[in-house]
Amino acid sequence: MNYLEELIKTIEILRSPEGCEWDRQQTHQTIRQNMLEEAYEAAEAIDENNPEHIKEELGDVLLQVVLHSQIAKDNNEFDIQVPYNT
């Protein structure tokens, strides 16, 4: 299992009945501001031309993408697709 698959699985577990109450309560709307803030922080890191800061902020953006994708999956809207190694 690669890191992205592990992240997806972790978020799936956090949103499951055995997971975290806070994570289960989130909707696209309740975490909308988080997505905006993380995107702006990533843009600032890019403007700084600081690779370590860019890496950190892109990780935060990725977390938001995966969380929104899991919310969509839970709502039967869409599923994030991760290709498997063959």
# chains A, B, ... in the order shown; residues from 1 in each chain; ligands from 1

$ select_by_dssp --residues "chain A" --states "alpha helix (DSSP H)" --output "number ranges by chain"
A: 3-14, 21-25, 32-48, 51-74

$ residues_around --residues "range 28-40 of chain A" --least-positions-apart "3" --cutoff "10 Å" --atoms "only C-alpha atoms" --output "ChimeraX atom specification"
/A:25,43-46,57-65,67-69,71-72

$ closest_residue --among "A:Ala42, A:Ile13, A:Ile8, A:Cys20" --to "Ile80 in chain A" --atoms "only C-alpha atoms"
A:Ile8

$ atom_distance --atom1 "CA of Leu7 in chain A" --atom2 "CA of Glu48 in chain A"
27.3 Å

$ closest_residue --among "A:Thr10, A:Asn76, A:Asn50, A:Asn2" --to "Asp23 in chain A" --atoms "only C-alpha atoms"
A:Thr10

$ atom_distance --atom1 "CA of Glu56 in chain A" --atom2 "CA of Gly19 in chain A"
25.0 Å
